[in-house]
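Source file: coords-v9.pdb. Holds: PDB, C-alpha atoms, pLDDT in the B column.
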ATOM      1  CA  MET J   1      -7.810  -9.449  32.550  1.00 80.00           C
ATOM      2  CA  GLY J   2     -10.437  -8.906  35.274  1.00 82.00           C
ATOM      3  CA  ILE J   3      -8.175  -6.441  37.102  1.00 85.00           C
ATOM      4  CA  LEU J   4      -7.388  -4.508  33.919  1.00 87.00           C
ATOM      5  CA  PHE J   5     -10.987  -4.347  32.678  1.00 89.00           C
ATOM      6  CA  GLY J   6     -12.394  -3.630  36.129  1.00 89.00           C
ATOM      7  CA  LEU J   7     -15.214  -5.651  37.623  1.00 88.00           C
ATOM      8  CA  PRO J   8     -18.747  -4.570  36.665  1.00 86.00           C
ATOM      9  CA  THR J   9     -20.241  -2.066  39.141  1.00 78.00           C
ATOM     10  CA  ASP J  10     -22.752  -4.597  40.555  1.00 80.00           C
ATOM     11  CA  TYR J  11     -19.935  -7.044  41.492  1.00 82.00           C
ATOM     12  CA  ARG J  12     -19.151  -5.232  44.735  1.00 80.00           C
ATOM     13  CA  GLY J  13     -18.360  -6.883  48.058  1.00 85.00           C
ATOM     14  CA  TYR J  14     -15.792  -9.493  49.066  1.00 88.00           C
ATOM     15  CA  TRP J  15     -17.549 -12.666  47.837  1.00 90.00           C
ATOM     16  CA  PRO J  16     -18.722 -11.401  44.425  1.00 88.00           C
ATOM     17  CA  ALA J  17     -15.223 -10.031  43.720  1.00 88.00           C
ATOM     18  CA  ALA J  18     -13.421 -13.154  44.999  1.00 90.00           C
ATOM     19  CA  ILE J  19     -15.660 -15.548  43.057  1.00 91.00           C
ATOM     20  CA  SER J  20     -15.315 -13.423  39.899  1.00 89.00           C
ATOM     21  CA  TYR J  21     -11.503 -13.366  40.062  1.00 90.00           C
ATOM     22  CA  ILE J  22     -11.406 -17.125  40.749  1.00 92.00           C
ATOM     23  CA  GLY J  23     -13.684 -17.578  37.724  1.00 89.00           C
ATOM     24  CA  PHE J  24     -11.377 -15.448  35.561  1.00 87.00           C
ATOM     25  CA  PHE J  25      -8.391 -17.506  36.680  1.00 89.00           C
ATOM     26  CA  VAL J  26     -10.131 -20.822  35.906  1.00 89.00           C
ATOM     27  CA  ALA J  27     -11.305 -19.539  32.493  1.00 82.00           C
ATOM     28  CA  GLY J  28      -7.791 -18.292  31.663  1.00 81.00           C
ATOM     29  CA  PHE J  29      -6.221 -21.556  32.794  1.00 84.00           C
ATOM     30  CA  VAL J  30      -8.685 -23.727  30.852  1.00 80.00           C
ATOM     31  CA  CYS J  31      -8.298 -21.560  27.710  1.00 75.00           C
ATOM     32  CA  GLY J  32      -4.523 -21.451  28.068  1.00 76.00           C
ATOM     33  CA  ILE J  33      -4.148 -25.235  27.843  1.00 78.00           C
ATOM     34  CA  PRO J  34      -5.585 -25.505  24.276  1.00 73.00           C
ATOM     35  CA  VAL J  35      -3.423 -22.569  23.134  1.00 76.00           C
ATOM     36  CA  ARG J  36      -0.368 -24.523  24.300  1.00 79.00           C
ATOM     37  CA  GLY J  37      -1.896 -27.570  22.598  1.00 81.00           C
ATOM     38  CA  ILE J  38      -2.102 -25.627  19.323  1.00 84.00           C
ATOM     39  CA  TYR J  39       1.665 -25.137  19.423  1.00 85.00           C
ATOM     40  CA  GLY J  40       2.017 -28.851  20.158  1.00 87.00           C
ATOM     41  CA  ALA J  41      -0.218 -29.802  17.208  1.00 86.00           C
ATOM     42  CA  TRP J  42       1.833 -27.592  14.895  1.00 88.00           C
ATOM     43  CA  ARG J  43       5.098 -29.189  16.069  1.00 90.00           C
ATOM     44  CA  VAL J  44       3.731 -32.742  15.692  1.00 91.00           C
ATOM     45  CA  VAL J  45       2.352 -32.250  12.147  1.00 91.00           C
ATOM     46  CA  ASP J  46       5.522 -30.378  11.138  1.00 90.00           C
ATOM     47  CA  ALA J  47       7.727 -33.246  12.382  1.00 91.00           C
ATOM     48  CA  PHE J  48       5.433 -35.780  10.671  1.00 91.00           C
ATOM     49  CA  ALA J  49       5.754 -33.943   7.331  1.00 90.00           C
ATOM     50  CA  LYS J  50       9.561 -33.796   7.623  1.00 89.00           C
ATOM     51  CA  ASP J  51       9.869 -37.532   8.349  1.00 89.00           C
ATOM     52  CA  GLN J  52      11.831 -39.080   5.471  1.00 85.00           C
ATOM     53  CA  THR J  53      10.085 -42.442   5.914  1.00 87.00           C
ATOM     54  CA  LEU J  54       6.664 -40.871   5.191  1.00 87.00           C
ATOM     55  CA  LYS J  55       5.088 -42.557   2.166  1.00 88.00           C
ATOM     56  CA  VAL J  56       2.567 -40.706   0.028  1.00 89.00           C
ATOM     57  CA  ASN J  57      -0.178 -42.976  -1.302  1.00 88.00           C
ATOM     58  CA  TYR J  58      -0.948 -41.501  -4.726  1.00 87.00           C
ATOM     59  CA  GLY J  59      -3.873 -43.854  -5.260  1.00 83.00           C
ATOM     60  CA  ALA J  60      -5.556 -43.198  -1.892  1.00 87.00           C
ATOM     61  CA  HIS J  61      -9.335 -42.784  -2.076  1.00 87.00           C
ATOM     62  CA  ASP J  62      -9.205 -39.474  -0.202  1.00 89.00           C
ATOM     63  CA  GLY J  63      -7.460 -37.867  -3.207  1.00 89.00           C
ATOM     64  CA  ARG J  64      -4.927 -36.254  -0.874  1.00 91.00           C
ATOM     65  CA  GLY J  65      -2.140 -38.820  -0.753  1.00 91.00           C
ATOM     66  CA  GLY J  66      -3.728 -40.567   2.239  1.00 91.00           C
ATOM     67  CA  MET J  67      -3.304 -37.465   4.429  1.00 93.00           C
ATOM     68  CA  GLU J  68      -6.911 -36.299   4.743  1.00 92.00           C
ATOM     69  CA  PHE J  69      -7.124 -37.679   8.298  1.00 92.00           C
ATOM     70  CA  ILE J  70      -4.704 -34.955   9.449  1.00 92.00           C
ATOM     71  CA  GLY J  71      -6.816 -32.220   7.875  1.00 91.00           C
ATOM     72  CA  ALA J  72      -9.975 -33.674   9.461  1.00 91.00           C
ATOM     73  CA  ALA J  73      -8.328 -33.713  12.911  1.00 91.00           C
ATOM     74  CA  LEU J  74      -7.134 -30.112  12.552  1.00 90.00           C
ATOM     75  CA  VAL J  75     -10.579 -28.974  11.386  1.00 91.00           C
ATOM     76  CA  ARG J  76     -12.064 -30.440  14.593  1.00 89.00           C
ATOM     77  CA  PHE J  77      -9.367 -28.767  16.696  1.00 88.00           C
ATOM     78  CA  ALA J  78      -9.894 -25.413  14.930  1.00 89.00           C
ATOM     79  CA  ALA J  79     -13.691 -25.724  15.283  1.00 89.00           C
ATOM     80  CA  VAL J  80     -13.426 -26.291  19.051  1.00 86.00           C
ATOM     81  CA  THR J  81     -11.036 -23.312  19.338  1.00 84.00           C
ATOM     82  CA  LEU J  82     -13.404 -21.151  17.280  1.00 86.00           C
ATOM     83  CA  THR J  83     -16.434 -22.152  19.374  1.00 86.00           C
ATOM     84  CA  GLU J  84     -14.527 -21.333  22.538  1.00 82.00           C
ATOM     85  CA  GLY J  85     -13.504 -18.029  20.938  1.00 81.00           C
ATOM     86  CA  VAL J  86     -17.114 -17.063  20.245  1.00 84.00           C
ATOM     87  CA  MET J  87     -18.013 -17.783  23.888  1.00 84.00           C
ATOM     88  CA  ILE J  88     -15.068 -15.689  25.163  1.00 82.00           C
ATOM     89  CA  ALA J  89     -15.856 -12.816  22.790  1.00 84.00           C
ATOM     90  CA  TRP J  90     -19.560 -12.916  23.712  1.00 86.00           C
ATOM     91  CA  TYR J  91     -18.764 -12.756  27.432  1.00 85.00           C
ATOM     92  CA  ILE J  92     -16.196  -9.951  27.080  1.00 85.00           C
ATOM     93  CA  LEU J  93     -18.330  -7.784  24.793  1.00 85.00           C
ATOM     94  CA  HIS J  94     -21.549  -8.239  26.798  1.00 85.00           C
ATOM     95  CA  THR J  95     -20.131  -7.522  30.261  1.00 85.00           C
ATOM     96  CA  GLN J  96     -20.303  -3.963  31.618  1.00 86.00           C
ATOM     97  CA  TRP J  97     -16.659  -3.527  32.690  1.00 89.00           C
ATOM     98  CA  SER J  98     -16.011  -0.515  34.939  1.00 88.00           C
ATOM     99  CA  ARG J  99     -13.002   0.646  32.848  1.00 88.00           C
ATOM    100  CA  SER J 100     -14.548   0.042  29.434  1.00 84.00           C
ATOM    101  CA  ARG J 101     -14.357   3.768  28.524  1.00 86.00           C
ATOM    102  CA  ASN J 102     -10.574   3.749  28.735  1.00 89.00           C
ATOM    103  CA  PRO J 103      -9.199   3.586  25.121  1.00 91.00           C
ATOM    104  CA  TYR J 104      -6.290   1.304  26.137  1.00 91.00           C
ATOM    105  CA  VAL J 105      -8.677  -1.082  27.891  1.00 89.00           C
ATOM    106  CA  ASN J 106     -10.870  -1.046  24.764  1.00 88.00           C
ATOM    107  CA  LEU J 107      -7.833  -1.975  22.676  1.00 90.00           C
ATOM    108  CA  VAL J 108      -7.150  -4.981  24.939  1.00 89.00           C
ATOM    109  CA  LEU J 109     -10.857  -5.879  24.846  1.00 87.00           C
ATOM    110  CA  LEU J 110     -10.729  -5.901  21.056  1.00 87.00           C
ATOM    111  CA  PHE J 111      -7.566  -8.026  21.102  1.00 88.00           C
ATOM    112  CA  TRP J 112      -9.131 -10.627  23.438  1.00 83.00           C
ATOM    113  CA  ALA J 113     -12.300 -10.741  21.319  1.00 82.00           C
ATOM    114  CA  THR J 114     -10.376 -11.347  18.057  1.00 86.00           C
ATOM    115  CA  TRP J 115      -7.475 -13.467  19.383  1.00 84.00           C
ATOM    116  CA  PRO J 116      -9.373 -16.820  19.430  1.00 80.00           C
ATOM    117  CA  PHE J 117     -10.392 -16.352  15.782  1.00 85.00           C
ATOM    118  CA  ILE J 118      -6.761 -15.695  14.818  1.00 88.00           C
ATOM    119  CA  VAL J 119      -5.651 -18.760  16.794  1.00 86.00           C
ATOM    120  CA  SER J 120      -8.367 -20.904  15.180  1.00 86.00           C
ATOM    121  CA  THR J 121      -7.219 -19.872  11.690  1.00 88.00           C
ATOM    122  CA  PHE J 122      -3.600 -20.535  12.662  1.00 88.00           C
ATOM    123  CA  VAL J 123      -4.283 -24.082  13.903  1.00 87.00           C
ATOM    124  CA  LEU J 124      -6.252 -24.836  10.743  1.00 88.00           C
ATOM    125  CA  VAL J 125      -3.634 -23.648   8.226  1.00 90.00           C
ATOM    126  CA  ALA J 126      -0.148 -23.339   9.767  1.00 90.00           C
ATOM    127  CA  PRO J 127       0.444 -26.982  10.809  1.00 89.00           C
ATOM    128  CA  CYS J 128      -0.377 -28.185   7.267  1.00 90.00           C
ATOM    129  CA  VAL J 129       1.944 -25.822   5.365  1.00 91.00           C
ATOM    130  CA  ARG J 130       4.925 -28.207   5.635  1.00 90.00           C
ATOM    131  CA  LEU J 131       2.701 -31.195   4.770  1.00 92.00           C
ATOM    132  CA  HIS J 132       1.336 -29.300   1.743  1.00 93.00           C
ATOM    133  CA  GLN J 133       4.906 -28.648   0.573  1.00 92.00           C
ATOM    134  CA  ARG J 134       5.782 -32.310   1.081  1.00 91.00           C
ATOM    135  CA  LEU J 135       2.756 -33.484  -0.917  1.00 92.00           C
ATOM    136  CA  GLU J 136       3.503 -30.999  -3.712  1.00 93.00           C
ATOM    137  CA  ARG J 137       7.106 -32.177  -3.934  1.00 92.00           C
ATOM    138  CA  ALA J 138       6.078 -35.857  -3.887  1.00 91.00           C
ATOM    139  CA  LYS J 139       3.443 -35.210  -6.565  1.00 93.00           C
ATOM    140  CA  ARG J 140       5.950 -33.401  -8.772  1.00 93.00           C
ATOM    141  CA  GLU J 141       8.575 -36.154  -8.360  1.00 92.00           C
ATOM    142  CA  GLU J 142       6.038 -38.896  -9.167  1.00 92.00           C
ATOM    143  CA  ASP J 143       4.822 -36.966 -12.210  1.00 93.00           C
ATOM    144  CA  ASP J 144       8.415 -36.614 -13.474  1.00 94.00           C
ATOM    145  CA  ARG J 145       8.962 -40.352 -12.968  1.00 92.00           C
ATOM    146  CA  LEU J 146       5.786 -41.228 -14.890  1.00 92.00           C
ATOM    147  CA  GLN J 147       6.710 -38.832 -17.696  1.00 92.00           C
ATOM    148  CA  ASP J 148      10.118 -40.518 -18.025  1.00 92.00           C
ATOM    149  CA  LYS J 149       8.371 -43.912 -18.294  1.00 90.00           C
ATOM    150  CA  ILE J 150       5.990 -42.575 -20.963  1.00 90.00           C
ATOM    151  CA  ARG J 151       8.852 -41.020 -22.977  1.00 89.00           C
ATOM    152  CA  ALA J 152      10.786 -44.290 -22.806  1.00 88.00           C
ATOM    153  CA  ILE J 153       7.766 -46.173 -24.184  1.00 87.00           C
ATOM    154  CA  GLU J 154       7.263 -43.567 -26.942  1.00 84.00           C
ATOM    155  CA  SER J 155      10.872 -43.993 -28.056  1.00 84.00           C
ATOM    156  CA  GLN J 156      10.497 -47.805 -28.216  1.00 84.00           C
ATOM    157  CA  VAL J 157       7.076 -48.166 -29.846  1.00 77.00           C
ATOM    158  CA  ASP J 158       8.119 -47.175 -33.408  1.00 74.00           C
ATOM    159  CA  ASN J 159      10.809 -49.856 -33.656  1.00 75.00           C
ATOM    160  CA  ALA J 160       8.844 -52.604 -31.867  1.00 72.00           C
ATOM    161  CA  SER J 161       7.147 -55.614 -33.397  1.00 78.00           C
ATOM    162  CA  SER J 162       3.344 -55.726 -33.388  1.00 73.00           C
ATOM    163  CA  GLN J 163       3.274 -57.944 -30.268  1.00 77.00           C
ATOM    164  CA  GLN J 164       5.772 -55.734 -28.433  1.00 81.00           C
ATOM    165  CA  ALA J 165       3.919 -52.614 -29.582  1.00 80.00           C
ATOM    166  CA  GLU J 166       0.684 -53.953 -28.081  1.00 82.00           C
ATOM    167  CA  THR J 167       2.426 -54.562 -24.739  1.00 86.00           C
ATOM    168  CA  LEU J 168       4.053 -51.125 -24.862  1.00 84.00           C
ATOM    169  CA  LEU J 169       0.721 -49.441 -25.649  1.00 87.00           C
ATOM    170  CA  LYS J 170      -0.911 -51.133 -22.649  1.00 88.00           C
ATOM    171  CA  ARG J 171       1.921 -49.875 -20.446  1.00 89.00           C
ATOM    172  CA  TYR J 172       1.578 -46.434 -22.060  1.00 88.00           C
ATOM    173  CA  GLU J 173      -2.149 -46.330 -21.211  1.00 91.00           C
ATOM    174  CA  HIS J 174      -1.448 -47.567 -17.696  1.00 90.00           C
ATOM    175  CA  TYR J 175       1.089 -44.810 -16.996  1.00 90.00           C
ATOM    176  CA  ASN J 176      -1.174 -42.174 -18.553  1.00 90.00           C
ATOM    177  CA  GLU J 177      -4.050 -43.285 -16.323  1.00 90.00           C
ATOM    178  CA  ARG J 178      -1.756 -42.999 -13.316  1.00 90.00           C
ATOM    179  CA  ARG J 179      -0.774 -39.483 -14.380  1.00 90.00           C
ATOM    180  CA  VAL J 180      -4.454 -38.508 -14.670  1.00 90.00           C
ATOM    181  CA  ALA J 181      -5.125 -39.912 -11.170  1.00 88.00           C
ATOM    182  CA  LEU J 182      -2.033 -38.116  -9.867  1.00 90.00           C
ATOM    183  CA  ASP J 183      -3.217 -34.848 -11.415  1.00 91.00           C
ATOM    184  CA  ARG J 184      -6.473 -35.146  -9.442  1.00 90.00           C
ATOM    185  CA  MET J 185      -4.579 -35.522  -6.154  1.00 91.00           C
ATOM    186  CA  ARG J 186      -4.866 -32.423  -3.957  1.00 91.00           C
ATOM    187  CA  THR J 187      -1.895 -31.250  -1.901  1.00 91.00           C
ATOM    188  CA  TRP J 188      -3.845 -29.699   1.010  1.00 91.00           C
ATOM    189  CA  PRO J 189      -5.144 -32.414   3.361  1.00 91.00           C
ATOM    190  CA  TYR J 190      -8.640 -30.956   3.814  1.00 90.00           C
ATOM    191  CA  GLY J 191     -11.616 -32.889   2.461  1.00 86.00           C
ATOM    192  CA  TYR J 192     -14.717 -31.159   1.122  1.00 85.00           C
ATOM    193  CA  SER J 193     -16.846 -32.340   4.054  1.00 86.00           C
ATOM    194  CA  SER J 194     -14.305 -30.912   6.540  1.00 84.00           C
ATOM    195  CA  LYS J 195     -14.337 -27.543   4.761  1.00 84.00           C
ATOM    196  CA  ILE J 196     -18.142 -27.454   4.823  1.00 88.00           C
ATOM    197  CA  LYS J 197     -18.201 -28.323   8.553  1.00 85.00           C
ATOM    198  CA  TYR J 198     -15.679 -25.636   9.460  1.00 86.00           C
ATOM    199  CA  GLY J 199     -17.385 -23.079   7.208  1.00 86.00           C
ATOM    200  CA  SER J 200     -20.736 -23.830   8.851  1.00 87.00           C
ATOM    201  CA  ILE J 201     -19.282 -23.436  12.349  1.00 83.00           C
ATOM    202  CA  PHE J 202     -17.536 -20.216  11.293  1.00 80.00           C
TER     203      PHE J 202
END
Would you kindly transcribe this structure into structure tokens?
Amino acid sequence: MGILFGLPTDYRGYWPAAISYIGFFVAGFVCGIPVRGIYGAWRVVDAFAKDQTLKVNYGAHDGRGGMEFIGAALVRFAAVTLTEGVMIAWYILHTQWSRSRNPYVNLVLLFWATWPFIVSTFVLVAPCVRLHQRLERAKREEDDRLQDKIRAIESQVDNASSQQAETLLKRYEHYNERRVALDRMRTWPYGYSSKIKYGSIF
């Protein structure tokens, strides 16, 4: 990056150039590790969502099947990536590179300034797509199961004795309440506080 952009004109001499290129290498190395980590996070969450033993807790207080902790972790990860991206973009756009008038260099400059924001958005959304699909499917299956229970009760209540009808009506109310709670369950694992935090950082 430093070689392509060209060191600023006041970075002349052996030591300024050497220290600058070492600095570019360290910055690239340190920034490269989280980018690799983003791929790792995506693979881990994807594998977690595909795990057949994963149980969705429909009554969880987070209103997201008990999966909000994943969304909160990814929001933190995306926020750190975004903050790092702002620092990179600020440095690149505020340094007087010697080849900054070259249109191809400007294109690469623009790419490096926007890339961290793209990566931050990716790590926030992409890992949770499979989990979102899993939660949607689980929610749909549970809703179908509850509907079958409610229909079964409706078919029995007309021919039941008064005592049986009372028991059936209690079960009917119970399953309806569960359906209402299930309807409130969100299928993206991001809580409102996490969204506000990320939005504020953005």
Practice item. Work out how far CA of Arg101 (chain J) is from CA of Pro16 (chain J), in Å to one decimal. Key: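 We find that CA of Pro16 (chain J) and CA of Arg101 (chain J) lie 22.4 Å from each other.
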Per-axis box centre and lengths in Å around region 63-73 of chain J, 6 Å margin per side, axis-aligned, as lines of an AutoDock Vina configuration file:
center_x = -6.1
center_y = -36.4
center_z = 4.9
size_x = 19.8
size_y = 20.3
size_z = 28.1
Revision key, fill the gap. In terms of all atoms listed in the file, the residue from J:Asn176, J:Asn57, J:Ser98, J:Thr114 at minimal distance from Ile150 (chain J) is J:Asn176
Review point. Between J:Leu135, J:Phe111, J:Asn106, J:Gly59, which one has atoms that come closest to Arg179 (chain J), using all atoms listed in the file?
Key: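 Checking each of J:Leu135, J:Phe111, J:Asn106, J:Gly59 against Arg179 (chain J), counting all atoms listed in the file, the winner is J:Gly59.
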Matched chain/residue IDs from the PyMOL selection byres ((chain J and resi 96) around 6), as a PDB file with C-alpha atoms, in the frame of the given file:
ATOM      1  CA  PRO J   8     -18.747  -4.570  36.665  1.00 86.00           C
ATOM      2  CA  THR J  95     -20.131  -7.522  30.261  1.00 85.00           C
ATOM      3  CA  TRP J  97     -16.659  -3.527  32.690  1.00 89.00           C
TER       4      TRP J  97
END
Exercise for review: Place a sphere of radius 12 Å on (-6.7, -26.1, 24.1) in the file coordinates and name every protein, DNA or RNA residue with an atom inside or on its surface, counting all atoms listed in the file; give the answer as a list in words.
Suggested key: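 Counting all atoms listed in the file, I find these residues within 12 Å of (-6.7, -26.1, 24.1): Ala27, Gly28, Phe29, Val30, Cys31, Gly32, Ile33, Pro34, Val35, Arg36, Gly37, Ile38, Tyr39, Gly40, Ala41, Arg76, Phe77, Ala78, Ala79, Val80, Thr81, Leu82, Thr83, Glu84, Gly85, Pro116, Val119, Ser120 and Val123 of chain J.
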Practice item. In Å, rounded to a single decimal, give me how far CA of Arg171 (chain J) is from CA of Val56 (chain J). Key: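 These two atoms are separated by 22.4 Å.
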Any idea what's packed within 10 Å of region 67-69 of chain J, counting only C-alpha atoms, ignoring anything in its chain fewer than 5 positions away? Could you give it as a JSON list (two decimals) with C-alpha atoms, keeping the file's coordinate frame?
[["chain", "number", "residue", "atom", "x", "y", "z"],
["J", 56, "VAL", "CA", 2.57, -40.71, 0.03],
["J", 57, "ASN", "CA", -0.18, -42.98, -1.30],
["J", 60, "ALA", "CA", -5.56, -43.20, -1.89],
["J", 61, "HIS", "CA", -9.34, -42.78, -2.08],
["J", 62, "ASP", "CA", -9.20, -39.47, -0.20],
["J", 74, "LEU", "CA", -7.13, -30.11, 12.55],
["J", 75, "VAL", "CA", -10.58, -28.97, 11.39],
["J", 131, "LEU", "CA", 2.70, -31.20, 4.77],
["J", 132, "HIS", "CA", 1.34, -29.30, 1.74],
["J", 135, "LEU", "CA", 2.76, -33.48, -0.92],
["J", 186, "ARG", "CA", -4.87, -32.42, -3.96],
["J", 187, "THR", "CA", -1.90, -31.25, -1.90],
["J", 188, "TRP", "CA", -3.84, -29.70, 1.01],
["J", 189, "PRO", "CA", -5.14, -32.41, 3.36],
["J", 190, "TYR", "CA", -8.64, -30.96, 3.81],
["J", 191, "GLY", "CA", -11.62, -32.89, 2.46],
["J", 194, "SER", "CA", -14.30, -30.91, 6.54]]
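Between CA of Ala181 (chain J) and CA of Val157 (chain J) the separation is 23.8 Å.
Of the listed residues J:Ile118, J:Ser162, J:Tyr58, J:Pro127, the one whose atoms come nearest to Glu141 (chain J) is J:Tyr58, with distances taken using only C-alpha atoms.
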Check your understanding: Closest to Gln52 (chain J) among J:Ala138, J:Ile22, J:Ala113, J:Ile70, using all atoms listed in the file?
Key -> J:Ala138
With all atoms listed in the file counted, which protein, DNA or RNA residues have an atom no more than 10 Å from (4.0, -51.1, -21.5) in the file frame? Please answer as a PDB file with C-alpha atoms, in the frame of the given file.
ATOM      1  CA  LYS J 149       8.371 -43.912 -18.294  1.00 90.00           C
ATOM      2  CA  ILE J 150       5.990 -42.575 -20.963  1.00 90.00           C
ATOM      3  CA  ALA J 152      10.786 -44.290 -22.806  1.00 88.00           C
ATOM      4  CA  ILE J 153       7.766 -46.173 -24.184  1.00 87.00           C
ATOM      5  CA  GLU J 154       7.263 -43.567 -26.942  1.00 84.00           C
ATOM      6  CA  GLN J 156      10.497 -47.805 -28.216  1.00 84.00           C
ATOM      7  CA  VAL J 157       7.076 -48.166 -29.846  1.00 77.00           C
ATOM      8  CA  GLN J 164       5.772 -55.734 -28.433  1.00 81.00           C
ATOM      9  CA  ALA J 165       3.919 -52.614 -29.582  1.00 80.00           C
ATOM     10  CA  GLU J 166       0.684 -53.953 -28.081  1.00 82.00           C
ATOM     11  CA  THR J 167       2.426 -54.562 -24.739  1.00 86.00           C
ATOM     12  CA  LEU J 168       4.053 -51.125 -24.862  1.00 84.00           C
ATOM     13  CA  LEU J 169       0.721 -49.441 -25.649  1.00 87.00           C
ATOM     14  CA  LYS J 170      -0.911 -51.133 -22.649  1.00 88.00           C
ATOM     15  CA  ARG J 171       1.921 -49.875 -20.446  1.00 89.00           C
ATOM     16  CA  TYR J 172       1.578 -46.434 -22.060  1.00 88.00           C
ATOM     17  CA  GLU J 173      -2.149 -46.330 -21.211  1.00 91.00           C
ATOM     18  CA  HIS J 174      -1.448 -47.567 -17.696  1.00 90.00           C
ATOM     19  CA  TYR J 175       1.089 -44.810 -16.996  1.00 90.00           C
TER      20      TYR J 175
END
Review point. Neighbours of Asp51 (chain J) within 12 Å (only C-alpha atoms; same-chain residues fewer than 4 positions away dropped), as a list in words?
Key: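 After dropping sequence-adjacent residues, the list is Val44, Val45, Asp46, Ala47, Lys55, Val56, Arg130, Leu131 and Arg134 of chain J.
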Keeping just all heavy atoms, export region 140-146 of chain J of this structure as a PDB file, in the first residue's frame.
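Output contents, as saved in decode.pdb:
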ATOM      1  N   ARG J 140     -42.022 -21.255  12.662  1.00  0.00           N
ATOM      2  CA  ARG J 140     -43.111 -21.736  11.812  1.00  0.00           C
ATOM      3  C   ARG J 140     -43.583 -23.133  12.235  1.00  0.00           C
ATOM      4  O   ARG J 140     -44.783 -23.409  12.318  1.00  0.00           O
ATOM      5  CB  ARG J 140     -42.642 -21.742  10.347  1.00  0.00           C
ATOM      6  CG  ARG J 140     -43.741 -21.988   9.326  1.00  0.00           C
ATOM      7  CD  ARG J 140     -43.261 -21.707   7.922  1.00  0.00           C
ATOM      8  NE  ARG J 140     -42.074 -22.460   7.566  1.00  0.00           N
ATOM      9  CZ  ARG J 140     -40.857 -21.930   7.405  1.00  0.00           C
ATOM     10  NH1 ARG J 140     -40.675 -20.631   7.571  1.00  0.00           N
ATOM     11  NH2 ARG J 140     -39.829 -22.685   7.059  1.00  0.00           N
ATOM     12  N   GLU J 141     -42.603 -24.012  12.520  1.00  0.00           N
ATOM     13  CA  GLU J 141     -42.934 -25.388  12.939  1.00  0.00           C
ATOM     14  C   GLU J 141     -43.680 -25.397  14.271  1.00  0.00           C
ATOM     15  O   GLU J 141     -44.645 -26.143  14.446  1.00  0.00           O
ATOM     16  CB  GLU J 141     -41.654 -26.231  13.037  1.00  0.00           C
ATOM     17  CG  GLU J 141     -41.059 -26.582  11.688  1.00  0.00           C
ATOM     18  CD  GLU J 141     -39.668 -27.196  11.796  1.00  0.00           C
ATOM     19  OE1 GLU J 141     -39.147 -27.307  12.945  1.00  0.00           O
ATOM     20  OE2 GLU J 141     -39.097 -27.570  10.749  1.00  0.00           O
ATOM     21  N   GLU J 142     -43.222 -24.555  15.219  1.00  0.00           N
ATOM     22  CA  GLU J 142     -43.896 -24.480  16.524  1.00  0.00           C
ATOM     23  C   GLU J 142     -45.295 -23.900  16.384  1.00  0.00           C
ATOM     24  O   GLU J 142     -46.236 -24.359  17.046  1.00  0.00           O
ATOM     25  CB  GLU J 142     -43.055 -23.628  17.482  1.00  0.00           C
ATOM     26  CG  GLU J 142     -43.633 -23.472  18.869  1.00  0.00           C
ATOM     27  CD  GLU J 142     -43.686 -24.748  19.689  1.00  0.00           C
ATOM     28  OE1 GLU J 142     -43.148 -25.786  19.246  1.00  0.00           O
ATOM     29  OE2 GLU J 142     -44.282 -24.714  20.788  1.00  0.00           O
ATOM     30  N   ASP J 143     -45.456 -22.918  15.504  1.00  0.00           N
ATOM     31  CA  ASP J 143     -46.777 -22.333  15.277  1.00  0.00           C
ATOM     32  C   ASP J 143     -47.726 -23.369  14.682  1.00  0.00           C
ATOM     33  O   ASP J 143     -48.891 -23.450  15.081  1.00  0.00           O
ATOM     34  CB  ASP J 143     -46.653 -21.118  14.355  1.00  0.00           C
ATOM     35  CG  ASP J 143     -47.957 -20.333  14.281  1.00  0.00           C
ATOM     36  OD1 ASP J 143     -48.454 -19.907  15.337  1.00  0.00           O
ATOM     37  OD2 ASP J 143     -48.485 -20.154  13.162  1.00  0.00           O
ATOM     38  N   ASP J 144     -47.240 -24.160  13.731  1.00  0.00           N
ATOM     39  CA  ASP J 144     -48.065 -25.230  13.138  1.00  0.00           C
ATOM     40  C   ASP J 144     -48.477 -26.241  14.200  1.00  0.00           C
ATOM     41  O   ASP J 144     -49.624 -26.710  14.218  1.00  0.00           O
ATOM     42  CB  ASP J 144     -47.294 -25.943  12.014  1.00  0.00           C
ATOM     43  CG  ASP J 144     -47.111 -25.055  10.789  1.00  0.00           C
ATOM     44  OD1 ASP J 144     -47.826 -24.038  10.682  1.00  0.00           O
ATOM     45  OD2 ASP J 144     -46.243 -25.371   9.948  1.00  0.00           O
ATOM     46  N   ARG J 145     -47.544 -26.583  15.084  1.00  0.00           N
ATOM     47  CA  ARG J 145     -47.833 -27.558  16.147  1.00  0.00           C
ATOM     48  C   ARG J 145     -48.897 -27.020  17.100  1.00  0.00           C
ATOM     49  O   ARG J 145     -49.838 -27.743  17.473  1.00  0.00           O
ATOM     50  CB  ARG J 145     -46.553 -27.871  16.920  1.00  0.00           C
ATOM     51  CG  ARG J 145     -46.638 -29.067  17.851  1.00  0.00           C
ATOM     52  CD  ARG J 145     -45.339 -29.276  18.593  1.00  0.00           C
ATOM     53  NE  ARG J 145     -45.146 -28.280  19.623  1.00  0.00           N
ATOM     54  CZ  ARG J 145     -45.698 -28.323  20.829  1.00  0.00           C
ATOM     55  NH1 ARG J 145     -46.496 -29.334  21.159  1.00  0.00           N
ATOM     56  NH2 ARG J 145     -45.472 -27.380  21.713  1.00  0.00           N
ATOM     57  N   LEU J 146     -48.776 -25.739  17.469  1.00  0.00           N
ATOM     58  CA  LEU J 146     -49.766 -25.129  18.363  1.00  0.00           C
ATOM     59  C   LEU J 146     -51.138 -25.016  17.690  1.00  0.00           C
ATOM     60  O   LEU J 146     -52.168 -25.229  18.330  1.00  0.00           O
ATOM     61  CB  LEU J 146     -49.281 -23.745  18.812  1.00  0.00           C
ATOM     62  CG  LEU J 146     -48.082 -23.720  19.770  1.00  0.00           C
ATOM     63  CD1 LEU J 146     -47.590 -22.292  19.975  1.00  0.00           C
ATOM     64  CD2 LEU J 146     -48.416 -24.364  21.103  1.00  0.00           C
TER      65      LEU J 146
END
